[in-house]
Amino acid sequence: MSSMVKITFLSNGGKVAQAPENSNLLRVSLKEKGGIPFKCGGGLCGTCKCRIEQGLENTDAIKPKERKHLRPEDFEAGYRMACQTFVLGDVAVSWVVRDGKGVVTDAEAQPAAS
Ligand code: FES
């Protein structure tokens with residue numbers, strides 16, 4: 001029996017969802033209308049870049065695909081790609097809101113230069 005974890009979608013008014021441990025962050029967001037932006041869902045576009053504000057230690061290992069979009073200093077600051085990230089415990093996540101909904105908590109974020 002797997003236990004449930006709590007995911008707080010900070011940039012969506014602090015909406016809270018429960019999900020089974022080891023759930024994919026983007027999948028939970030889609031299912032629970034968490035609001036994390038995405039396009040490909042497959043680690044290619046980088047749209048799902050988000051910041052784990054709390055519980056970074058509750059996320060799984062960084063995937064090679066994430067390293068194409070995020071720099072080492074991004075990972076240190078808690079950035080992950082939601083479609084590549086699995087949650088092992090409670091997390092709180094923010095992202096840049098571009099459609100006028102929610103709260104911008106990360107307006108300074110720039111895409112990783114290649
Ligand atoms: S949705 Fe495209 S990389 Fe995650």
# chains A, B, ... in the order shown; residues from 1 in each chain; ligands from 1

call {"tool": "closest_atom_pairs", "arguments": {"of": "chain A", "to": "ligand 1", "cutoff": "7 Å", "atoms": "only C-alpha atoms and all ligand atoms", "output": "Markdown table"}}
result
| residue | atom | partner | partner_atom_place_in_ligand_line | distance |
| --- | --- | --- | --- | --- |
| A:Phe38 | CA | ligand 1 | 1 (S) | 4.0 |
| A:Lys39 | CA | ligand 1 | 1 (S) | 4.6 |
| A:Cys40 | CA | ligand 1 | 2 (Fe) | 3.9 |
| A:Gly41 | CA | ligand 1 | 1 (S) | 3.7 |
| A:Gly42 | CA | ligand 1 | 2 (Fe) | 5.4 |
| A:Gly43 | CA | ligand 1 | 3 (S) | 3.4 |
| A:Leu44 | CA | ligand 1 | 3 (S) | 4.3 |
| A:Cys45 | CA | ligand 1 | 2 (Fe) | 3.8 |
| A:Gly46 | CA | ligand 1 | 3 (S) | 3.8 |
| A:Thr47 | CA | ligand 1 | 2 (Fe) | 5.1 |
| A:Cys48 | CA | ligand 1 | 4 (Fe) | 4.4 |
| A:Lys49 | CA | ligand 1 | 4 (Fe) | 6.9 |
| A:Met81 | CA | ligand 1 | 4 (Fe) | 5.5 |
| A:Ala82 | CA | ligand 1 | 4 (Fe) | 5.8 |
| A:Cys83 | CA | ligand 1 | 4 (Fe) | 4.3 |
| A:Gln84 | CA | ligand 1 | 4 (Fe) | 6.5 |

call {"tool": "select_by_dssp", "arguments": {"residues": "chain A", "states": "alpha helix (DSSP H)", "output": "list in words"}}
result
Leu25, Leu26, Arg27, Val28, Ser29, Leu30, Lys31, Glu32, Pro64, Lys65, Glu66, Arg67, Pro72, Glu73, Asp74, Phe75 and Glu76 of chain A

call {"tool": "write_last_selection", "arguments": {"atoms": "N, CA and C atoms", "output": "short mmCIF file (atom, residue, chain, number, x, y, z; two decimals), in the first residue's frame"}}
result
data_model
loop_
_atom_site.label_atom_id
_atom_site.label_comp_id
_atom_site.auth_asym_id
_atom_site.auth_seq_id
_atom_site.Cartn_x
_atom_site.Cartn_y
_atom_site.Cartn_z
N LEU A 25 4.78 14.51 -11.22
CA LEU A 25 4.27 15.83 -10.83
C LEU A 25 3.33 16.42 -11.89
N LEU A 26 3.70 16.33 -13.15
CA LEU A 26 2.83 16.89 -14.19
C LEU A 26 1.51 16.11 -14.29
N ARG A 27 1.58 14.81 -14.15
CA ARG A 27 0.35 14.00 -14.19
C ARG A 27 -0.63 14.39 -13.09
N VAL A 28 -0.08 14.60 -11.90
CA VAL A 28 -0.95 15.03 -10.80
C VAL A 28 -1.56 16.39 -11.12
N SER A 29 -0.72 17.27 -11.64
CA SER A 29 -1.21 18.60 -11.99
C SER A 29 -2.35 18.53 -12.99
N LEU A 30 -2.21 17.67 -13.99
CA LEU A 30 -3.25 17.52 -15.01
C LEU A 30 -4.52 16.96 -14.40
N LYS A 31 -4.37 15.91 -13.61
CA LYS A 31 -5.52 15.23 -13.03
C LYS A 31 -6.27 16.12 -12.06
N GLU A 32 -5.51 16.89 -11.29
CA GLU A 32 -6.12 17.69 -10.22
C GLU A 32 -6.28 19.16 -10.61
N PRO A 64 18.36 13.08 -17.28
CA PRO A 64 19.20 13.68 -18.32
C PRO A 64 18.45 14.71 -19.16
N LYS A 65 17.19 14.47 -19.46
CA LYS A 65 16.42 15.42 -20.27
C LYS A 65 16.32 16.78 -19.59
N GLU A 66 16.26 16.77 -18.25
CA GLU A 66 16.16 18.04 -17.53
C GLU A 66 17.43 18.86 -17.68
N ARG A 67 18.56 18.17 -17.82
CA ARG A 67 19.83 18.88 -17.91
C ARG A 67 19.95 19.63 -19.22
N PRO A 72 23.01 23.74 -13.70
CA PRO A 72 23.27 23.26 -12.33
C PRO A 72 22.75 24.24 -11.28
N GLU A 73 22.90 25.55 -11.55
CA GLU A 73 22.43 26.53 -10.55
C GLU A 73 20.91 26.55 -10.48
N ASP A 74 20.25 26.18 -11.57
CA ASP A 74 18.78 26.07 -11.53
C ASP A 74 18.37 24.94 -10.59
N PHE A 75 19.03 23.80 -10.74
CA PHE A 75 18.71 22.65 -9.86
C PHE A 75 18.95 23.01 -8.40
N GLU A 76 20.06 23.72 -8.17
CA GLU A 76 20.37 24.13 -6.80
C GLU A 76 19.27 25.03 -6.25
#

call {"tool": "residues_around", "arguments": {"residues": "Cys50 (chain A)", "least_positions_apart": "4", "cutoff": "7 Å", "atoms": "only C-alpha atoms", "output": "ChimeraX atom specification"}}
result
/A:79-82,93-95

call {"tool": "closest_residue", "arguments": {"among": "A:Ala77, A:Leu56, A:Ala61, A:Ile36", "to": "Leu10 (chain A)", "atoms": "only C-alpha atoms"}}
result
A:Ile36

call {"tool": "residues_around", "arguments": {"residues": "Phe9 (chain A)", "least_positions_apart": "4", "cutoff": "7 Å", "atoms": "only C-alpha atoms", "output": "PyMOL selection string"}}
result
chain A and resi 14-16+34+92-94

call {"tool": "closest_residue", "arguments": {"among": "A:Gly35, A:Asn12, A:Arg71, A:Thr85", "to": "Glu57 (chain A)", "atoms": "only C-alpha atoms"}}
result
A:Thr85
